[in-house]
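One structure is given below, encoded as C-alpha cells.
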Amino acid sequence: MPVKKRSSSTKYKELKFKDIDYQISYKPAGIKSSDEVNPCCEIIGQNRAINAIKLGLNIRTKGYNIFVTGFSGSGRTTTIKHLLEQLEHNRRELKDICYVNNFRNQDSPRVLVFNAGEGRRFKKDMNYLIDSLRKVVPKAFMSEDFKDRQNRIIREFENRQKKLINEFEDKLTQAGFVMVQLQSGMGIRNEIQPLIDNEPSSLEKLERLAKEGKFALAQLDELRRKWDSLRREFDVVSIESKKLSMKLEDALEKLKFSIVSPLVEDKIDLLKKRYPDEKAVMYLEEVEEALIGDLDRYLEAQPRRGEEEPPPYRKREPFEEFSVNLVLDNSETEGVPIIIEKSPSYKNLFGSVERVVDRFGYWRTDFTRIFSGSLLKAAGGFLVVNAFDLLSEAGVWWPLKRALRNEEMEIAGYDPYFMMAGSGIKPEPIPIDVKVVLIGDARIYNLLWQMDEDFKKIFKIKAEFDSVMDLNQNNLMDYFSFVRRIVDADNLLPFELSGMQAVAEYGRKLSGKRDKLSIRFVSVADIVRESSFCASERKANKVTRKDVYAAIARKRRRVNLVEDKLQEMFDDNILMVSTSGTAVGQVNGLAVYNYGEHVFGRPSRITVNTSLGKAGIINIEREADLSGPIHDKGVLVLSGYLRQMFAQDKPLMMSASITFEQSYSGVDGDSASSTEIYGLLSSLGNIPIKQGLAVTGSVNQKGEIQPIGGVNEKVEGFFDVCKSKGLSGDQGVLIPHQNVQDLMLRPDVMDAVKKGRFHVYPVKTVVEGIEILTDVPGGKRLAKGGFTPGSVMARVDDKLREMAVALENFGRRDNNDNSQQATKRKSGKKSKKE
C-alpha cells in the first residue's frame, strides 16, 4: 500500500512564542525600583504551616510538640524563629533552677525552684550568709567576753580535776605509796609503787628481795594488798578525770553553741521569710542544723600565722557544701526563651555532671559541678532542633522522649570514653515545661511515625512547609518585598522593576509550574546577591533584568562541566544522534541527567527492529540487567497497546527488539514509552521518521500520552545538540500536552521558537505523535473494521496481518514438506521388498 504523505502546506499544532512566554510583566503602580517597595517582615507563602505551628505553640497540653517538614531551603528554621518571636504566647511564669547539697544524702543533690530572678538572689543571700558567719563567728570566739567565759569554765574543771587527783595522792602518801611515770615504748605510763627507805620500789623488785631473804614476806603481802586497793581506786580516779575532760569539752561546745546559734538562727529565719517555699524552708533548716552542728569548720577557715586570709583551696572547703549552683538563671530573660540548638549532643542538650581531679589525684564531683543544657535553658519556652542532627547523636533520642513524656529531666554524666569514671551522684530530676520543635524532612517523620510508638504521643503537630505558592499579584508583591529585604540586609544595589520581575521569573522556573512561584528563598536570595554583583561589575547603579539573566547563566556555568563534556561527545559524533534526515525504526528519545546541584537533558537514540516470530517485544535493556522496574513496566504497556489496537481480529505474530543505543549505565522511567511506540510503528510500517524531532512522554494502554518530569531540561538538551549541529528550522520536540503549563525555557530557546527555528509540539495521543514524526496521517479505526486507508495505522495493521498469515502458512508448508518426505520413504521401502 503506498504511503500517503501530507502536503508540505499542512501545519501541525505547535506552540507559539506567546504560548510558552513566561516573562512576568506585572507593574505595580508607582513602583520603579526596589527602593519604592517595603521590605517584607512576614513569612511568605506558608499559611498552612503557620496555622499548624500556631496551634502547637498555643496548646500547652503535654504532647503538643511540633515536627516541621519541608524541603531544605524553604526557610523552615528562619520561619520557626520568626514565628516564635512574633506570636503572642500564653506565657507561663519563668523559673530559676538551683541545685543544692542534700545534707541527708550527698549523692542526690536537691533541686530548688524559684520564680525568675529569685534564684540569683537566693544564691547571693546564701553567699552573704556564709561570708558573714565566716567573719562574725571567729570574731565572737576571739572576743574578751567569750575568752573570760571559756577561761572560767576551764578553771572550774581544772580545779575539780586537781582536787580529785590531790585527794588520791593524799591516800597514796598515807599508805606509803607514790605515783611514778615510766617509759613504755614510745609513750609514758603511770605506776603506783611503795616507798621503801623513802625510795620508790616496784613490787617485782621486792619479790626478788623476799626470795633472797632480804625482805619480809608478810610485809610484801601487806604491800601487795594495799597496792591492789590503790590500783582500783586509781582506775576510778582516771575514769572520773576523763569524764571531767569530756564535761569540759561539752561545756565549751555549749558555750560556742550559745554564741553561734543566735547568729545562725536569726539569719536563717530571715531567709525563711524571704523564701517561703516548702522545699526551700526544708533546705534552710538543714543548713541551720549543719552550720550549728559542726563549729570546728569556722576555725578551719581561719588564717594561719603569716596569712592575711586563708588560701582558696583551704578557704572554700569547710563551707563548700553550702554553695548554691544556679543552673538556670532567667533573671535577665525578656520574653519567652527561644533556644536553637545547632549541635544537639547529649552534653549540649541535657547538660553534664563534670568530674575534676582533686589535689590528692582522685576523680571527684559534687552538686557544684552540675551544668545545664539547652533543654533546661528553654524551660518555659521553646527548643528548636534539627531532627537529623538529633537522631545522629548517640544516646540523645530516648532521654529526650522520656523528658517530654514525664515533663521532667535528669542531668547525668554521659561520657562513653570514660566508662570507668562514673559521676558518683544522681541529681534530683528537674520539672520542665518546654515546647520542642523538630525540623526535618518527610522521610524522617514517616520513619519515626511508623517505627516509634512514643513519637505519635509526643509530637502531635505536623507542620508541612510547602515549596511553592500561587502566582498572583499579592505574591508577586511579596517577592518584590523579599528582594528589598535582601538588598537592605546585605547592602546590595537596588533592583529596577525589570530586575525584580526577572527574580520572580527565576522563582517561577524553580517551582516547575508556570502558575506557581517557588518559596525556596535560600536559592532566590543567592540569585539576588549574584545579580547585584553582576551589575556592580558593569559599573551600574541598579540591577536590571539583564543582570539577573547573567547571574542565572553564571550559576549554570559554574556547575555544568559534565554537561559540556557530554556535549563535546555529541559534537565529535562519539554519541550518535541524528538531527536531520529520516530513518525507519529510529527515534530520538530524551533523558535527564541529575547531578544534584545541576540537572540537564540530552537526546538518546532509540532503535527498533521487527521481524516474523512469536517472541513479542524484547527489551534489550532488561535482558542485559540495565533496565529499572518503571522502564520495564513501560515496555509491557507497549504490548498492551499493540494488542488493543491490532490484535482484535488476528494474533500478533512478530518479534521486536527495542534498545537505547550507547547506553551503558542503566535506564529507568517510562517517559520514553511513547518514543518506543513510535519506533515500533515506524519499523512495522516501514515508514521513515524525521530525525530532526525528539520525543518525550509516557503512554498508557489506550494510546494516550501522559505527562512526564524534566520537560524543560529535555527540550533545552535537544536544542543544545541541534544548535551545535546547526539549526535548520525543521527541528523540535514532541511533549505531552499536559506539560505545556510546565514549560519555562531558557531565553535562547525561547528566541529560537519565536523566530521559527525550533518547534515544540504538544501531543495528546500516539496517533497525533506518529503523524507529526512521519508526515503521514495517523489513521482512525473504521466501523467496518481496519483503519483509514493509507494511514500509519493501516500500514502497521496490514503488516501484522501479513506476518500472521505468513507464519501460519510457513507452518503448514513445513508440515506438508515433512508429510511428502515421509510418504516417499515408505514408497521406497515397499519397492525394495517387491
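Chain lettering (A, B, ...) mirrors the order of the C-alpha cells, residue numbering begins at 1 for each chain separately, and ligand numbering begins at 1 in order of display.
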
Between range 246-355 of chain A and range 397-402 of chain A, at 9 Å or less, what are the per-residue closest atom pairs and their distances in Å? Count only C-alpha atoms, order by chain and rising residue number, and return it as a tab-separated table.
residue	atom	partner	partner_atom	distance
A:Tyr346	CA	A:Pro399	CA	8.9
A:Leu349	CA	A:Leu400	CA	8.7
A:Phe350	CA	A:Leu400	CA	8.4

Based on DSSP run over this structure's backbone, return all residues of range 509-757 of chain A in helix (DSSP H, G or I), as a PyMOL selection string. chain A and resi 509-511+521-537+545-559+561-571+620-623+629-646+673-685+711-725+737-742+747-754

Can you measure CA of Arg405 in chain A to CA of Lys457 in chain A for me? One decimal in Å is fine.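 For CA of Arg405 in chain A relative to CA of Lys457 in chain A, the distance reads 8.3 Å.
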
Calculated over only C-alpha atoms, which of the candidates A:Phe533, A:Gln706, A:Gln648, A:Gly380 has the smallest distance to Asn739 in chain A?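 When distances to Asn739 in chain A are compared using only C-alpha atoms, the smallest one comes from A:Gln706.
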
Using only C-alpha atoms, the residue out of A:Lys267, A:Lys54, A:Arg110, A:Lys426 with shortest distance to Tyr128 in chain A is A:Lys267

Name the residues of range 306-538 of chain A that come out as strand (DSSP E) in a backbone DSSP run; write them as an NGL selection string. :A and (324-328 or 338-341 or 352-353 or 356-357 or 363-364 or 370-371 or 382-386 or 408-409 or 430-431 or 435-440 or 461-464 or 468-470 or 516-518)

Counting only C-alpha atoms, the option among A:Leu255, A:Leu299, A:Leu807, A:Leu681 closest to Lys147 in chain A: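 The closest residue to Lys147 in chain A is A:Leu255.
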
Contact residues around Ser683 in chain A with only C-alpha atoms at 8 Å, ignoring same-chain residues under 3 positions, as a ChimeraX atom specification: /A:584-585,608-610,679-680,686-687

Grab the residues selected above and save them as a PDB file, in the first residue's frame with C-alpha atoms.
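Final output, saved to part-v1.pdb:
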ATOM      1  CA  VAL A 584      12.969   3.763   9.768  1.00  0.00           C
ATOM      2  CA  GLY A 585      12.673   2.385  13.296  1.00  0.00           C
ATOM      3  CA  VAL A 608      13.553  -0.813  16.964  1.00  0.00           C
ATOM      4  CA  ASN A 609      13.892  -3.868  14.758  1.00  0.00           C
ATOM      5  CA  THR A 610      10.905  -6.097  13.949  1.00  0.00           C
ATOM      6  CA  GLY A 679       9.864   3.465  16.649  1.00  0.00           C
ATOM      7  CA  LEU A 680       7.853   0.233  16.693  1.00  0.00           C
ATOM      8  CA  ASN A 686       8.421   0.736   7.088  1.00  0.00           C
ATOM      9  CA  ILE A 687       7.717   4.466   7.401  1.00  0.00           C
TER      10      ILE A 687
END

Enumerate, in order of chain and increasing residue number, the residues of range 607-722 of chain A with an atom no farther than 10 Å from range 752-761 of chain A, each with its shortest atom pair and distance in Å to one decimal, counting only C-alpha atoms, as a tab-separated table.
residue	atom	partner	partner_atom	distance
A:Gly692	CA	A:Phe758	CA	9.8
A:Leu693	CA	A:His759	CA	8.8
A:Ala694	CA	A:Val760	CA	9.8
A:Val695	CA	A:Tyr761	CA	9.5
A:Val715	CA	A:Val760	CA	8.3
A:Phe719	CA	A:Phe758	CA	7.7
A:Cys722	CA	A:Phe758	CA	9.0

Write out as a list in words which residues come within 12 Å of Glu334 in chain A when counting only C-alpha atoms, dropping same-chain ones fewer than 5 positions away.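 Surrounding residues, per the criterion: Glu85, Arg91, Glu93, Leu94, Ala116, Gly117, Asp329, Gly380 and Gly381 of chain A.
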
Contacts of Tyr479 in chain A at 12 Å (only C-alpha atoms; same-chain gap of 5+ positions) as a tab-separated table (two decimals) with N, CA and C atoms, in the first residue's frame:
chain	number	residue	atom	x	y	z
A	26	TYR	N	4.10	42.10	35.39
A	26	TYR	CA	3.33	42.80	36.43
A	26	TYR	C	4.06	44.07	36.84
A	34	SER	N	13.31	48.72	43.63
A	34	SER	CA	13.12	48.15	44.96
A	34	SER	C	13.11	49.22	46.05
A	37	VAL	N	9.66	49.79	47.39
A	37	VAL	CA	8.97	48.63	47.95
A	37	VAL	C	9.36	48.49	49.43
A	38	ASN	N	8.38	48.19	50.26
A	38	ASN	CA	8.67	47.96	51.68
A	38	ASN	C	9.25	46.57	51.86
A	39	PRO	N	10.31	46.43	52.65
A	39	PRO	CA	10.86	45.09	52.89
A	39	PRO	C	9.88	44.21	53.65
A	40	CYS	N	9.86	42.94	53.29
A	40	CYS	CA	8.90	42.03	53.92
A	40	CYS	C	9.32	41.73	55.36
A	41	CYS	N	8.32	41.66	56.21
A	41	CYS	CA	8.55	41.33	57.63
A	41	CYS	C	7.82	40.06	58.03
A	42	GLU	N	6.98	39.57	57.15
A	42	GLU	CA	6.17	38.39	57.46
A	42	GLU	C	6.70	37.18	56.70
A	43	ILE	N	6.22	36.01	57.12
A	43	ILE	CA	6.56	34.78	56.43
A	43	ILE	C	5.74	34.70	55.14
A	44	ILE	N	6.39	34.33	54.05
A	44	ILE	CA	5.75	34.35	52.74
A	44	ILE	C	5.33	32.94	52.33
A	45	GLY	N	4.06	32.77	52.01
A	45	GLY	CA	3.58	31.56	51.34
A	45	GLY	C	3.49	30.31	52.17
A	469	MET	N	4.08	28.50	45.91
A	469	MET	CA	2.84	29.22	46.21
A	469	MET	C	2.25	29.71	44.89
A	470	ASP	N	0.98	30.09	44.92
A	470	ASP	CA	0.30	30.52	43.69
A	470	ASP	C	0.93	31.80	43.13
A	471	LEU	N	0.90	31.87	41.81
A	471	LEU	CA	1.39	33.08	41.14
A	471	LEU	C	0.22	34.06	40.99
A	472	ASN	N	0.24	35.11	41.79
A	472	ASN	CA	-0.75	36.16	41.70
A	472	ASN	C	-0.10	37.48	42.09
A	473	GLN	N	-0.84	38.55	41.96
A	473	GLN	CA	-0.26	39.87	42.21
A	473	GLN	C	0.19	40.04	43.65
A	474	ASN	N	-0.57	39.52	44.60
A	474	ASN	CA	-0.18	39.66	46.00
A	474	ASN	C	1.14	38.95	46.28
A	484	ARG	N	13.72	43.42	48.29
A	484	ARG	CA	14.12	44.61	49.05
A	484	ARG	C	14.75	44.22	50.40
A	485	ARG	N	14.22	43.21	51.02
A	485	ARG	CA	14.76	42.76	52.31
A	485	ARG	C	16.20	42.28	52.17
A	486	ILE	N	16.49	41.49	51.12
A	486	ILE	CA	17.85	41.01	50.91
A	486	ILE	C	18.77	42.17	50.54
A	497	LEU	N	12.57	47.58	38.37
A	497	LEU	CA	11.38	46.75	38.31
A	497	LEU	C	11.63	45.52	37.44
A	499	GLY	N	14.40	44.00	37.00
A	499	GLY	CA	15.23	43.07	37.75
A	499	GLY	C	14.42	42.26	38.73
A	500	MET	N	13.47	42.91	39.42
A	500	MET	CA	12.61	42.19	40.36
A	500	MET	C	11.71	41.22	39.60
A	501	GLN	N	11.24	41.61	38.43
A	501	GLN	CA	10.42	40.71	37.61
A	501	GLN	C	11.22	39.48	37.21
A	502	ALA	N	12.50	39.69	36.85
A	502	ALA	CA	13.35	38.57	36.45
A	502	ALA	C	13.60	37.62	37.63
A	503	VAL	N	13.74	38.17	38.84
A	503	VAL	CA	13.90	37.32	40.02
A	503	VAL	C	12.65	36.48	40.22
A	504	ALA	N	11.48	37.10	40.03
A	504	ALA	CA	10.23	36.35	40.14
A	504	ALA	C	10.13	35.27	39.07
A	505	GLU	N	10.63	35.57	37.86
A	505	GLU	CA	10.65	34.56	36.80
A	505	GLU	C	11.54	33.38	37.18
A	506	TYR	N	12.65	33.69	37.84
A	506	TYR	CA	13.54	32.62	38.32
A	506	TYR	C	12.82	31.76	39.35
A	507	GLY	N	12.09	32.41	40.25
A	507	GLY	CA	11.29	31.66	41.22
A	507	GLY	C	10.20	30.85	40.54
A	508	ARG	N	9.67	31.38	39.48
A	508	ARG	CA	8.65	30.66	38.71
A	508	ARG	C	9.23	29.40	38.10
A	517	LEU	N	5.01	30.01	42.15
A	517	LEU	CA	6.27	30.66	42.49
A	517	LEU	C	6.96	29.82	43.56
A	518	SER	N	8.26	29.66	43.42
A	518	SER	CA	9.00	28.90	44.42
A	518	SER	C	9.16	29.73	45.69
A	519	ILE	N	9.06	29.05	46.84
A	519	ILE	CA	9.33	29.74	48.11
A	519	ILE	C	10.53	29.10	48.80
A	520	ARG	N	11.42	28.58	47.98
A	520	ARG	CA	12.72	28.15	48.49
A	520	ARG	C	13.64	29.36	48.41
A	521	PHE	N	13.47	30.23	49.39
A	521	PHE	CA	14.05	31.56	49.31
A	521	PHE	C	15.57	31.57	49.49
A	524	VAL	N	16.61	31.74	45.94
A	524	VAL	CA	16.22	33.04	45.38
A	524	VAL	C	17.13	34.14	45.91
A	525	ALA	N	17.44	34.09	47.21
A	525	ALA	CA	18.31	35.11	47.80
A	525	ALA	C	19.71	35.06	47.18
A	528	VAL	N	19.63	36.93	43.97
A	528	VAL	CA	19.57	38.38	44.22
A	528	VAL	C	20.98	38.92	44.48

CA of Arg795 in chain A to CA of His631 in chain A: how many Å, to one decimal?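 Interatomic distance, CA of Arg795 in chain A to CA of His631 in chain A: 27.5 Å.
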
Nearest to Leu404 in chain A: which of A:Asp454, A:Glu289, A:Asp296, A:Glu199 is it, counting only C-alpha atoms?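 Checking each of A:Asp454, A:Glu289, A:Asp296, A:Glu199 against Leu404 in chain A, counting only C-alpha atoms, the winner is A:Asp454.
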